[in-house]
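Novice: The structure under discussion is supplied below as structure tokens; questions concerning it will follow.
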Amino acid sequence: MSTAFTLMLDALTKQRGVRASLVAGADDGVTIDSNMQIGQEGTRVAALAASLYRKARRSAKTAGLGATGFMQLEAEAGRLCIIGSDEIVLIVVAERDANIGLIRVEMLRATKELG
Amino acid sequence: MSNGPGDDVRLWSDELASDPSSLAFLPLAETLRRRGQLDLARKVAMRGLERHPHLPDAHDQLARIHADAGNLQGAYDEWAIVRNLVPGHVGAMKGMAFIRFHQGELEEAERLLLDAQAHTDDADISAAIRTVRKSGTTARVSLAMSPEVAADPRLLFADLMANELAAILLDSDGLVLAGAYYAEDGSDIAADVGATLTGVSAEALRATRHLDIGAWRAIVFETEVAVVNLSPAPAAGALGPGGLIVLVAPAATPLGLLKRLLDKCIERARSWLSSGGAT
């Protein structure tokens with residue numbers, strides 16, 4: 001079943017080094033749509049990613065730093081990229097050597113298109 | 001019409017291939033720098049400089065690439081060339097001052113900022129001058145074991161922090177162990193910021209375990225005015241796993257400088273914790 005996000009997620013997952021892309025609720029982290037090669041763990045990761053993003057937004061607000069944009073978690077063998085709004089978060093799981101600059105640009109563009 | 005950054009890179013590369021003296025090397029090098037492809041960006045910028053050795057923008061571009069790569073002296077030298085070519089170049093003076101500040105040469109940093117201030121009415125420069133002057137009194141506090149830090153752990157990172165930078169060390173509950181984060185009104189909001197980040201380390205650990213991508217190294221997020229870097233704090237002394245070092249810098253801070261500063265903060269925290277801090 002396709003949703004309003006399906007084409008966008010397909011395009012993101014075609015980027016070199018991207019293993020999965022998901023859209024989840026910003027408040028509850030429940031997956032709305034996904035394009036995954038990482039099995040069921042994706043839904044748990046969406047919840048954790050949404051929670052991390054909420055914390056980032058809260059801390060930025062507390063510090064008076066304005067709206068939060070692109071966020072990435074770097075690990076030894078991969079990256080988790082997140083960007084969101086009040087309602088949804090867009091999440092990308094990528095390999096360590098993926099072109100993060102390009103992924104960031106594509107995620108910013110996708111978020112803009114979603115309004 | 002280009003369809004994205006990849007297309008632009010291809011267009012600029014093609015233009016340079018057909019006309020090696022084209023100025024397309026400038027946006028090409030900048031795009032590569034922003035992507036973090038610093039070696040390639042440097043090669044493109046240097047090739048451009050061979051054709052345009054007196055072009056200030058080309059030296060400015062190379063300076064930014066050097067700064068991102070952590071080559072502070074190289075960046076300083078390139079900005080010095082810019083300044084020779086355009087004596088009132090405010091960007092070059094600010095860049096040189098920023099580097100001198102990080103090298104601990106506060107008098108020269110202040111002199112450069114005063115020169116820049118003479119050419120523009122920029123509130124950021126005035127704030128930077130105040131910070132450099134304030135830091136003059138704390139720069140001598142360079143050891144984690146100093147009596148000043150022992151008496152007030154908020155000073156732990158003080159000598160490492162330039163204008164509008166802040167660093168704090170949190171335990172796994174988000175409680176502030178050291179460092180300070182001053183809001184515009186002068187109040188220390190470190191505890192409030194720390195409280196919002198409670199549990200980040202545990203969640204990052206769980207996410208990376210689920211994804212099987214190894215230990216997490218950093219969380220970086222951008223805001224309208226800043227870039228915030230969260231890193232695992234060293235588990236040393238009284239601090240167990242799950243602590244965080246939070247570094248906040250202006251959005252325009254080169255990533256190379258941010259990384260360098262973060263490394264210094266981590267080392268400082270390790271030294272302080274190992275020597276009995278936070279007990």
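By order of appearance in the structure tokens: chains A, B, ..., then residues from 1 within every chain, and ligands from 1 in the order shown.
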Please, which residues in chain A fall within 7 Å of chain B when counting only C-alpha atoms, and what is the closest atom pair and distance in Å to one decimal for each, ordered by chain then residue number, as JSON lines?
Specialist:
```
{"residue": "A:Glu41", "atom": "CA", "partner": "B:His210", "partner_atom": "CA", "distance": 6.0}
{"residue": "A:Val45", "atom": "CA", "partner": "B:Ala207", "partner_atom": "CA", "distance": 5.5}
{"residue": "A:Leu48", "atom": "CA", "partner": "B:Ala207", "partner_atom": "CA", "distance": 6.2}
{"residue": "A:Leu52", "atom": "CA", "partner": "B:Val200", "partner_atom": "CA", "distance": 6.4}
{"residue": "A:Lys55", "atom": "CA", "partner": "B:Leu197", "partner_atom": "CA", "distance": 5.9}
{"residue": "A:Arg58", "atom": "CA", "partner": "B:Thr196", "partner_atom": "CA", "distance": 6.1}
{"residue": "A:Ser59", "atom": "CA", "partner": "B:Val193", "partner_atom": "CA", "distance": 5.2}
{"residue": "A:Thr62", "atom": "CA", "partner": "B:Val193", "partner_atom": "CA", "distance": 6.1}
{"residue": "A:Ala63", "atom": "CA", "partner": "B:Val193", "partner_atom": "CA", "distance": 6.5}
{"residue": "A:Leu65", "atom": "CA", "partner": "B:Val225", "partner_atom": "CA", "distance": 5.7}
{"residue": "A:Gly66", "atom": "CA", "partner": "B:Glu224", "partner_atom": "CA", "distance": 5.1}
{"residue": "A:Ala67", "atom": "CA", "partner": "B:Thr223", "partner_atom": "CA", "distance": 5.4}
{"residue": "A:Thr68", "atom": "CA", "partner": "B:Thr223", "partner_atom": "CA", "distance": 4.2}
{"residue": "A:Gly69", "atom": "CA", "partner": "B:Glu222", "partner_atom": "CA", "distance": 5.2}
{"residue": "A:Phe70", "atom": "CA", "partner": "B:Glu222", "partner_atom": "CA", "distance": 5.5}
{"residue": "A:Met71", "atom": "CA", "partner": "B:Phe221", "partner_atom": "CA", "distance": 4.0}
{"residue": "A:Gln72", "atom": "CA", "partner": "B:Val220", "partner_atom": "CA", "distance": 5.4}
{"residue": "A:Leu73", "atom": "CA", "partner": "B:Ile219", "partner_atom": "CA", "distance": 4.3}
{"residue": "A:Glu74", "atom": "CA", "partner": "B:Ala218", "partner_atom": "CA", "distance": 5.2}
{"residue": "A:Ala75", "atom": "CA", "partner": "B:Trp216", "partner_atom": "CA", "distance": 3.9}
{"residue": "A:Glu76", "atom": "CA", "partner": "B:Gly214", "partner_atom": "CA", "distance": 4.9}
{"residue": "A:Ala77", "atom": "CA", "partner": "B:Ile213", "partner_atom": "CA", "distance": 4.5}
{"residue": "A:Gly78", "atom": "CA", "partner": "B:Ile213", "partner_atom": "CA", "distance": 5.1}
{"residue": "A:Gly101", "atom": "CA", "partner": "B:Arg35", "partner_atom": "CA", "distance": 4.4}
```
Novice: Would you save the residues of that selection, restricted to N, CA, C and O atoms, as a CSV table (one decimal), in the first residue's frame?
Specialist:
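File again_31.csv, as written:
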```csv
chain,number,residue,atom,x,y,z
A,41,GLU,N,13.5,-4.4,13.2
A,41,GLU,CA,14.2,-3.5,14.1
A,41,GLU,C,13.9,-2.0,13.7
A,41,GLU,O,14.0,-1.1,14.5
A,45,VAL,N,13.7,1.4,16.0
A,45,VAL,CA,14.6,2.5,15.7
A,45,VAL,C,13.9,3.8,15.5
A,45,VAL,O,14.3,4.8,15.9
A,48,LEU,N,13.0,5.2,18.8
A,48,LEU,CA,14.1,5.8,19.5
A,48,LEU,C,14.6,7.1,18.8
A,48,LEU,O,14.9,8.1,19.4
A,52,LEU,N,14.9,10.8,20.4
A,52,LEU,CA,16.1,11.6,20.4
A,52,LEU,C,15.8,13.0,19.8
A,52,LEU,O,16.3,14.0,20.3
A,55,LYS,N,14.1,15.2,22.2
A,55,LYS,CA,15.0,15.7,23.2
A,55,LYS,C,15.8,16.9,22.6
A,55,LYS,O,16.1,17.9,23.3
A,58,ARG,N,13.7,19.9,22.4
A,58,ARG,CA,13.4,20.5,23.7
A,58,ARG,C,14.7,21.3,24.2
A,58,ARG,O,14.5,22.4,24.8
A,59,SER,N,15.8,20.7,24.1
A,59,SER,CA,17.0,21.3,24.6
A,59,SER,C,17.3,22.6,23.8
A,59,SER,O,17.7,23.6,24.3
A,62,THR,N,14.9,25.2,25.1
A,62,THR,CA,15.4,25.6,26.4
A,62,THR,C,16.5,26.6,26.3
A,62,THR,O,16.6,27.6,27.0
A,63,ALA,N,17.4,26.3,25.3
A,63,ALA,CA,18.6,27.2,25.2
A,63,ALA,C,18.4,28.4,24.3
A,63,ALA,O,19.3,29.2,24.1
A,65,LEU,N,17.8,28.4,21.1
A,65,LEU,CA,18.6,28.3,19.8
A,65,LEU,C,17.7,28.2,18.6
A,65,LEU,O,18.2,28.0,17.5
A,66,GLY,N,16.4,28.4,18.7
A,66,GLY,CA,15.5,28.4,17.6
A,66,GLY,C,15.1,26.9,17.1
A,66,GLY,O,15.4,26.0,17.9
A,67,ALA,N,14.6,26.9,16.0
A,67,ALA,CA,14.0,25.6,15.5
A,67,ALA,C,15.2,24.6,15.2
A,67,ALA,O,16.3,25.0,14.8
A,68,THR,N,14.9,23.3,15.4
A,68,THR,CA,15.9,22.3,15.2
A,68,THR,C,15.7,21.8,13.8
A,68,THR,O,14.6,21.6,13.3
A,69,GLY,N,16.9,21.6,13.1
A,69,GLY,CA,16.9,21.1,11.7
A,69,GLY,C,17.4,19.7,11.6
A,69,GLY,O,17.0,18.8,12.4
A,70,PHE,N,18.4,19.5,10.8
A,70,PHE,CA,19.0,18.2,10.6
A,70,PHE,C,19.8,17.7,11.8
A,70,PHE,O,20.5,18.4,12.5
A,71,MET,N,19.6,16.4,12.1
A,71,MET,CA,20.3,15.8,13.2
A,71,MET,C,20.9,14.4,12.7
A,71,MET,O,20.3,13.7,12.0
A,72,GLN,N,22.1,14.1,13.2
A,72,GLN,CA,22.6,12.8,12.9
A,72,GLN,C,23.3,12.2,14.1
A,72,GLN,O,24.0,12.9,14.9
A,73,LEU,N,23.1,10.9,14.2
A,73,LEU,CA,23.8,10.1,15.2
A,73,LEU,C,24.9,9.3,14.5
A,73,LEU,O,24.6,8.6,13.5
A,74,GLU,N,26.2,9.5,14.8
A,74,GLU,CA,27.3,8.8,14.2
A,74,GLU,C,27.7,7.7,15.1
A,74,GLU,O,27.9,7.8,16.3
A,75,ALA,N,27.8,6.5,14.4
A,75,ALA,CA,28.3,5.3,15.2
A,75,ALA,C,29.5,4.7,14.4
A,75,ALA,O,29.8,5.2,13.3
A,76,GLU,N,30.1,3.7,15.0
A,76,GLU,CA,31.3,3.2,14.4
A,76,GLU,C,31.1,2.7,13.0
A,76,GLU,O,31.9,2.8,12.1
A,77,ALA,N,29.9,2.1,12.7
A,77,ALA,CA,29.6,1.5,11.4
A,77,ALA,C,28.4,2.0,10.7
A,77,ALA,O,27.9,1.3,9.8
A,78,GLY,N,27.9,3.1,11.1
A,78,GLY,CA,26.7,3.6,10.4
A,78,GLY,C,26.2,4.9,11.0
A,78,GLY,O,26.8,5.5,12.0
A,101,GLY,N,26.4,14.5,3.2
A,101,GLY,CA,26.1,15.8,2.7
A,101,GLY,C,24.9,15.7,1.7
A,101,GLY,O,24.0,16.5,1.8
```
Novice: Can you pull out the residues contacting Glu106 (chain A)? Cut-off 10 Å, using only C-alpha atoms, and skip same-chain residues under 2 positions away; I want them as an MDAnalysis selection string.
Specialist: (chainID A and resid 8 11:12 15 100:104 108:112) or (chainID B and resid 4:5)
Novice: What's the 10 Å shell around Asp27 (chain A), counting only C-alpha atoms, without same-chain residues fewer than 4 positions away, as a VMD selection string?
Specialist: chain A and resid 47 50 to 51 53 to 54 86 to 89
Novice: Hey, which of A:Val30, A:Ser21, A:Glu113, A:Asn35 ends up closest to Val93 (chain A)? Count only C-alpha atoms.
Specialist: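 Once distances to Val93 (chain A) are computed over only C-alpha atoms, the minimum belongs to A:Ser21.
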Novice: List the spatial neighbours of Gly17 (chain A) as an MDAnalysis selection string - criterion: any atom at most 6 Å away, only C-alpha atoms, same-chain residues fewer than 6 positions off excluded.
Specialist: chainID A and resid 94:95 98
Novice: Go ahead and dump the residues you just picked, C-alpha atoms, as a tab-separated table (two decimals), in the first residue's frame.
Specialist:
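Dumped to result_22.tsv:
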```tsv
chain	number	residue	atom	x	y	z
A	94	ALA	CA	22.90	4.93	6.36
A	95	GLU	CA	26.24	3.25	6.21
A	98	ALA	CA	27.53	7.18	2.79
```
Novice: CA of Leu247 (chain B) to CA of His59 (chain B): how many Å, to one decimal?
Specialist: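 Between CA of Leu247 (chain B) and CA of His59 (chain B) the gap works out to 29.2 Å.
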Novice: When you count only C-alpha atoms, which of these residues is closest to Ala56 (chain A): A:Thr43, A:Gln37, A:Ile82, A:Ser2?
Specialist: A:Ile82
Novice: Out of B:Met161, B:Ile81, B:Val90, B:Val9, which residue has the shortest atom-to-atom distance to Leu257 (chain B) when counting only C-alpha atoms?
Specialist: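 Closest to Leu257 (chain B) of all the choices is B:Met161.
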Novice: Run DSSP on the backbone and grab whatever in chain A lands in helix (DSSP H, G or I); send it over as a PyMOL selection string.
Specialist: chain A and resi 6-13+41-62+100-114
Novice: Mind giving me the straight-line distance from CA of Phe157 (chain B) to CA of Ser126 (chain B) in Å, one decimal?
Specialist: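 A separation of 22.0 Å between them.
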Novice: Need to verify the contact set: region 105-120 of chain B, 6 Å, only C-alpha atoms, exclusion of same-chain residues closer than 5 positions in sequence. Can you return it as a list in words?
Specialist: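 The residues satisfying every condition are Val90, Met93, Ala97, Arg100 and Ile129 of chain B.
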Novice: Choose the residue, out of B:Leu49, B:Leu170, B:Leu160, B:Leu40, that has the smallest atom-to-atom separation from Pro20 (chain B); count only C-alpha atoms.
Specialist: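 Checking each of B:Leu49, B:Leu170, B:Leu160, B:Leu40 against Pro20 (chain B), counting only C-alpha atoms, the winner is B:Leu49.
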Novice: Which value, in Å to one decimal, gives the distance between CA of Ala236 (chain B) and CA of Leu273 (chain B)?
Specialist: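 Distance between the two atoms: 5.7 Å.
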Novice: With DSSP run on the backbone, what are the strand (DSSP E or B) residues within chain A? I'd like them as a PyMOL selection string.
Specialist: chain A and resi 18-25+31-36+68-75+78-84+88-95
Novice: Nearest residue to Ile32 (chain A) out of A:Ala20, A:Cys81, A:Leu7, A:Leu90, using only C-alpha atoms?
Specialist: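 That would be A:Leu90, the residue with the smallest distance to Ile32 (chain A).
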